[in-house]
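Take a look at the structure below.
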Amino acid sequence: MENCIFCKIVAGEIPSPKFYEDEKMIVIKDIEPKAKVHYLCIPKTHFALLSEMDEEKAEIVKHCFRVIPTLEEKLGLTNGYRVIINQGEDGGQTVHHLHIHLLGGEKLKDF
Ligand code: AMP
Ligand code: ZN
């Protein structure tokens with residue numbers, strides 16, 4: 001997808017250290033962390049919204065949620081964390097390539 005910053009990171013066109021990578025996803029640090037620990041899990045396939053999910057994309061999202069718990073220790077999230085997927089305008093989504101925020105490293109405030 002042209003002009004998608006996360007596609008460019010996935011492709012290595014914008015350098016960003018990858019804390020985890022496999023055939024379906026990468027994990028990078030958020031450039032503007034909203035908590036002491038803030039990572040983004042980014043599927044390699046470009047799509048913006050959960051509502052765009054077909055079986056193939058659902059498998060990718062499932063894969064992300066299967067892998068994330070295996071990374072808790074590596075990412076410093078063993079004391080718990082918050083998982084957020086912002087969706088669209090009201091959800092505050094600014095990058096229109098689906099991604100899963102992982103926030104922790106401290107006691108987070110309630111919503
Ligand atoms: P969202 O508002 O849910 O779309 O989240 C987009 C997130 O991407 C924000 O938390 C940004 O700080 C983060 N972000 C934007 N550009 C980059 C980048 N080049 N590297 C890492 N994180 C980024
Ligand atoms: Zn993209």
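Following the order of the structure tokens, first chain is A, next is B, and so on, with residues numbered from 1 inside each chain and ligands from 1 in the order they appear.
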
- Item | Site check for ligand 2: residues at most 10 Å away, only C-alpha atoms and all ligand atoms, as a list in words | Met1, Glu2, Asn3, Cys4, Ile5, Phe6, Cys7, Lys8, Ile9, Val10, Ala11, Ile42, Pro43, Lys44, Thr45, His46, Phe47, Ala48, Val95, His96, His97, Leu98 and His99 of chain A

At a cut-off of 6 Å, can you tabulate as CSV every residue of chain A near ligand 1 together with its closest atom pair and the distance in Å to one decimal, using only C-alpha atoms and all ligand atoms and ordering rows by chain then number?
residue,atom,partner,partner_atom_place_in_ligand_line,distance
A:Lys29,CA,ligand 1,21 (C),5.8
A:Asp30,CA,ligand 1,22 (N),3.8
A:Ile31,CA,ligand 1,22 (N),4.0
A:Glu32,CA,ligand 1,12 (O),4.2
A:Asn86,CA,ligand 1,3 (O),4.5
A:Gly92,CA,ligand 1,2 (O),5.4
A:Gln93,CA,ligand 1,4 (O),3.6
A:Thr94,CA,ligand 1,4 (O),3.6
A:Val95,CA,ligand 1,4 (O),3.9

Give me a file of those residues, with all heavy atoms, as a compact mmCIF listing (two decimals), in the first residue's frame.
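Result file part07.txt:
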# COMPACT_ATOMS: atom_id res chain seq x y z
N LYS A 29 8.70 -0.54 18.68
CA LYS A 29 8.38 0.41 19.75
C LYS A 29 7.59 1.56 19.16
O LYS A 29 7.91 2.03 18.06
CB LYS A 29 9.66 0.95 20.38
CG LYS A 29 10.16 0.10 21.50
CD LYS A 29 11.16 0.82 22.38
CE LYS A 29 11.45 -0.06 23.58
NZ LYS A 29 12.76 0.10 24.13
N ASP A 30 6.56 2.02 19.88
CA ASP A 30 5.84 3.21 19.43
C ASP A 30 6.77 4.42 19.54
O ASP A 30 7.46 4.60 20.54
CB ASP A 30 4.58 3.42 20.27
CG ASP A 30 3.62 4.39 19.62
OD1 ASP A 30 3.94 5.59 19.53
OD2 ASP A 30 2.54 3.95 19.17
N ILE A 31 6.75 5.25 18.49
CA ILE A 31 7.66 6.40 18.43
C ILE A 31 7.29 7.48 19.45
O ILE A 31 8.15 8.26 19.86
CB ILE A 31 7.67 6.95 16.98
CG1 ILE A 31 8.95 7.69 16.66
CG2 ILE A 31 6.46 7.81 16.70
CD1 ILE A 31 9.14 7.98 15.17
N GLU A 32 6.03 7.52 19.85
CA GLU A 32 5.57 8.47 20.88
C GLU A 32 4.88 7.69 21.99
O GLU A 32 3.65 7.63 22.05
CB GLU A 32 4.57 9.47 20.29
CG GLU A 32 5.19 10.56 19.46
CD GLU A 32 4.13 11.49 18.88
OE1 GLU A 32 3.20 11.88 19.60
OE2 GLU A 32 4.25 11.78 17.69
N ASN A 86 -7.20 0.86 17.97
CA ASN A 86 -8.02 2.02 17.63
C ASN A 86 -8.63 1.82 16.24
O ASN A 86 -7.95 1.39 15.32
CB ASN A 86 -7.18 3.30 17.66
CG ASN A 86 -6.73 3.66 19.08
OD1 ASN A 86 -7.46 3.41 20.04
ND2 ASN A 86 -5.54 4.22 19.21
N GLY A 92 -9.88 7.27 17.20
CA GLY A 92 -8.60 7.98 17.23
C GLY A 92 -7.51 7.30 16.42
O GLY A 92 -6.32 7.50 16.67
N GLN A 93 -7.92 6.52 15.42
CA GLN A 93 -6.91 5.84 14.58
C GLN A 93 -6.23 6.86 13.68
O GLN A 93 -6.90 7.59 12.95
CB GLN A 93 -7.59 4.76 13.73
CG GLN A 93 -6.60 3.89 12.97
CD GLN A 93 -7.29 2.75 12.22
OE1 GLN A 93 -8.52 2.71 12.12
NE2 GLN A 93 -6.50 1.84 11.68
N THR A 94 -4.91 6.93 13.77
CA THR A 94 -4.17 7.89 12.94
C THR A 94 -3.38 7.20 11.83
O THR A 94 -3.08 7.81 10.82
CB THR A 94 -3.19 8.72 13.80
OG1 THR A 94 -2.31 7.83 14.48
CG2 THR A 94 -3.95 9.57 14.81
N VAL A 95 -3.03 5.94 12.04
CA VAL A 95 -2.35 5.17 10.98
C VAL A 95 -3.33 4.10 10.51
O VAL A 95 -3.75 3.24 11.30
CB VAL A 95 -1.04 4.54 11.50
CG1 VAL A 95 -0.40 3.69 10.41
CG2 VAL A 95 -0.06 5.61 11.98

- Message: Ranking A:Pro15, A:Lys24, A:Glu73, A:Asp90 by minimum distance to A:Val61 and counting only C-alpha atoms, which one comes first?
- Response: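 Among the listed residues, A:Lys24 lies closest to A:Val61.
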
- So which bits of stretch 1-110 of chain A end up helix (DSSP H, G or I) when you DSSP the backbone, as a ChimeraX atom specification? /A:5-10,50-52,55-75,88-91

Take the residues just selected and output them with N, CA and C atoms as a JSON list (two decimals), in the first residue's frame.
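Produced file out38.json, reproduced below:
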[["chain", "number", "residue", "atom", "x", "y", "z"],
["A", 5, "ILE", "N", 2.82, 4.28, 6.27],
["A", 5, "ILE", "CA", 4.06, 4.29, 7.06],
["A", 5, "ILE", "C", 4.38, 2.89, 7.62],
["A", 6, "PHE", "N", 3.34, 2.15, 8.01],
["A", 6, "PHE", "CA", 3.61, 0.82, 8.58],
["A", 6, "PHE", "C", 4.00, -0.18, 7.49],
["A", 7, "CYS", "N", 3.42, -0.05, 6.30],
["A", 7, "CYS", "CA", 3.90, -0.90, 5.19],
["A", 7, "CYS", "C", 5.37, -0.61, 4.90],
["A", 8, "LYS", "N", 5.75, 0.66, 4.99],
["A", 8, "LYS", "CA", 7.15, 1.02, 4.73],
["A", 8, "LYS", "C", 8.07, 0.47, 5.81],
["A", 9, "ILE", "N", 7.60, 0.47, 7.06],
["A", 9, "ILE", "CA", 8.41, -0.12, 8.15],
["A", 9, "ILE", "C", 8.52, -1.63, 7.94],
["A", 10, "VAL", "N", 7.39, -2.26, 7.59],
["A", 10, "VAL", "CA", 7.40, -3.72, 7.34],
["A", 10, "VAL", "C", 8.41, -4.04, 6.23],
["A", 50, "LEU", "N", -10.94, -3.70, 11.43],
["A", 50, "LEU", "CA", -11.42, -5.06, 11.74],
["A", 50, "LEU", "C", -12.59, -5.44, 10.83],
["A", 51, "SER", "N", -13.37, -4.43, 10.42],
["A", 51, "SER", "CA", -14.53, -4.71, 9.56],
["A", 51, "SER", "C", -14.12, -5.18, 8.17],
["A", 52, "GLU", "N", -12.83, -5.04, 7.82],
["A", 52, "GLU", "CA", -12.34, -5.51, 6.51],
["A", 52, "GLU", "C", -11.88, -6.96, 6.55],
["A", 55, "GLU", "N", -11.43, -14.36, 6.03],
["A", 55, "GLU", "CA", -10.85, -15.50, 6.76],
["A", 55, "GLU", "C", -9.33, -15.39, 6.86],
["A", 56, "GLU", "N", -8.71, -14.96, 5.77],
["A", 56, "GLU", "CA", -7.25, -14.88, 5.73],
["A", 56, "GLU", "C", -6.74, -13.83, 6.74],
["A", 57, "LYS", "N", -7.39, -12.69, 6.75],
["A", 57, "LYS", "CA", -6.97, -11.63, 7.68],
["A", 57, "LYS", "C", -7.29, -12.03, 9.12],
["A", 58, "ALA", "N", -8.38, -12.73, 9.31],
["A", 58, "ALA", "CA", -8.72, -13.21, 10.65],
["A", 58, "ALA", "C", -7.64, -14.16, 11.17],
["A", 59, "GLU", "N", -7.08, -14.97, 10.28],
["A", 59, "GLU", "CA", -5.98, -15.87, 10.67],
["A", 59, "GLU", "C", -4.76, -15.07, 11.10],
["A", 60, "ILE", "N", -4.53, -13.95, 10.41],
["A", 60, "ILE", "CA", -3.37, -13.11, 10.74],
["A", 60, "ILE", "C", -3.58, -12.47, 12.12],
["A", 61, "VAL", "N", -4.78, -11.96, 12.36],
["A", 61, "VAL", "CA", -5.07, -11.33, 13.66],
["A", 61, "VAL", "C", -5.00, -12.38, 14.76],
["A", 62, "LYS", "N", -5.53, -13.56, 14.48],
["A", 62, "LYS", "CA", -5.44, -14.65, 15.46],
["A", 62, "LYS", "C", -3.98, -14.97, 15.77],
["A", 63, "HIS", "N", -3.17, -15.02, 14.74],
["A", 63, "HIS", "CA", -1.74, -15.29, 14.91],
["A", 63, "HIS", "C", -1.12, -14.24, 15.84],
["A", 64, "CYS", "N", -1.44, -12.97, 15.60],
["A", 64, "CYS", "CA", -0.90, -11.89, 16.45],
["A", 64, "CYS", "C", -1.25, -12.15, 17.91],
["A", 65, "PHE", "N", -2.52, -12.49, 18.16],
["A", 65, "PHE", "CA", -2.95, -12.69, 19.55],
["A", 65, "PHE", "C", -2.39, -13.99, 20.15],
["A", 66, "ARG", "N", -2.01, -14.93, 19.31],
["A", 66, "ARG", "CA", -1.34, -16.13, 19.81],
["A", 66, "ARG", "C", 0.11, -15.83, 20.19],
["A", 67, "VAL", "N", 0.74, -14.94, 19.41],
["A", 67, "VAL", "CA", 2.17, -14.67, 19.63],
["A", 67, "VAL", "C", 2.39, -13.67, 20.76],
["A", 68, "ILE", "N", 1.54, -12.65, 20.86],
["A", 68, "ILE", "CA", 1.75, -11.57, 21.84],
["A", 68, "ILE", "C", 2.04, -12.13, 23.24],
["A", 69, "PRO", "N", 1.25, -13.06, 23.76],
["A", 69, "PRO", "CA", 1.54, -13.55, 25.13],
["A", 69, "PRO", "C", 2.92, -14.22, 25.26],
["A", 70, "THR", "N", 3.44, -14.75, 24.17],
["A", 70, "THR", "CA", 4.76, -15.39, 24.24],
["A", 70, "THR", "C", 5.89, -14.36, 24.34],
["A", 71, "LEU", "N", 5.55, -13.09, 24.09],
["A", 71, "LEU", "CA", 6.58, -12.03, 24.09],
["A", 71, "LEU", "C", 6.57, -11.21, 25.38],
["A", 72, "GLU", "N", 5.66, -11.55, 26.30],
["A", 72, "GLU", "CA", 5.48, -10.72, 27.50],
["A", 72, "GLU", "C", 6.80, -10.48, 28.23],
["A", 73, "GLU", "N", 7.58, -11.54, 28.43],
["A", 73, "GLU", "CA", 8.82, -11.39, 29.18],
["A", 73, "GLU", "C", 9.81, -10.53, 28.40],
["A", 74, "LYS", "N", 9.97, -10.85, 27.14],
["A", 74, "LYS", "CA", 10.92, -10.12, 26.28],
["A", 74, "LYS", "C", 10.59, -8.63, 26.22],
["A", 75, "LEU", "N", 9.30, -8.29, 26.24],
["A", 75, "LEU", "CA", 8.89, -6.90, 26.08],
["A", 75, "LEU", "C", 8.75, -6.16, 27.43],
["A", 88, "GLY", "N", -10.83, 3.75, 13.29],
["A", 88, "GLY", "CA", -11.50, 4.87, 12.63],
["A", 88, "GLY", "C", -11.44, 6.18, 13.40],
["A", 89, "GLU", "N", -12.22, 7.10, 12.89],
["A", 89, "GLU", "CA", -12.22, 8.49, 13.36],
["A", 89, "GLU", "C", -12.47, 8.59, 14.88],
["A", 90, "ASP", "N", -13.59, 8.04, 15.34],
["A", 90, "ASP", "CA", -13.94, 8.18, 16.75],
["A", 90, "ASP", "C", -12.99, 7.39, 17.65],
["A", 91, "GLY", "N", -12.40, 6.35, 17.11],
["A", 91, "GLY", "CA", -11.45, 5.56, 17.89],
["A", 91, "GLY", "C", -10.07, 6.19, 17.96]]

- Surrounding residues of A:Gly80 excluding itself and chain neighbours under 5 positions, 10 Å, only C-alpha atoms, as an NGL selection string: :A and (72 or 102-108)

Those residues with C-alpha atoms, as a short mmCIF file (atom, residue, chain, number, x, y, z; two decimals), in the first residue's frame please?
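The result, stored in out23.cif:
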data_model
loop_
_atom_site.label_atom_id
_atom_site.label_comp_id
_atom_site.auth_asym_id
_atom_site.auth_seq_id
_atom_site.Cartn_x
_atom_site.Cartn_y
_atom_site.Cartn_z
CA GLU A 72 5.48 -10.72 27.50
CA LEU A 102 0.65 -3.07 23.86
CA LEU A 103 0.90 -0.70 26.81
CA GLY A 104 2.40 -1.41 30.21
CA GLY A 105 5.52 -1.20 32.31
CA GLU A 106 3.53 0.72 34.92
CA LYS A 107 0.07 0.77 36.48
CA LEU A 108 -2.08 2.35 33.77
#

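Near A:Tyr20, within a cut-off of 9 Å and counting only C-alpha atoms, sit the residues Met25, Ile26, Val27, Ile28, Cys41 and Leu71 of chain A, with same-chain residues fewer than 4 positions away left out.
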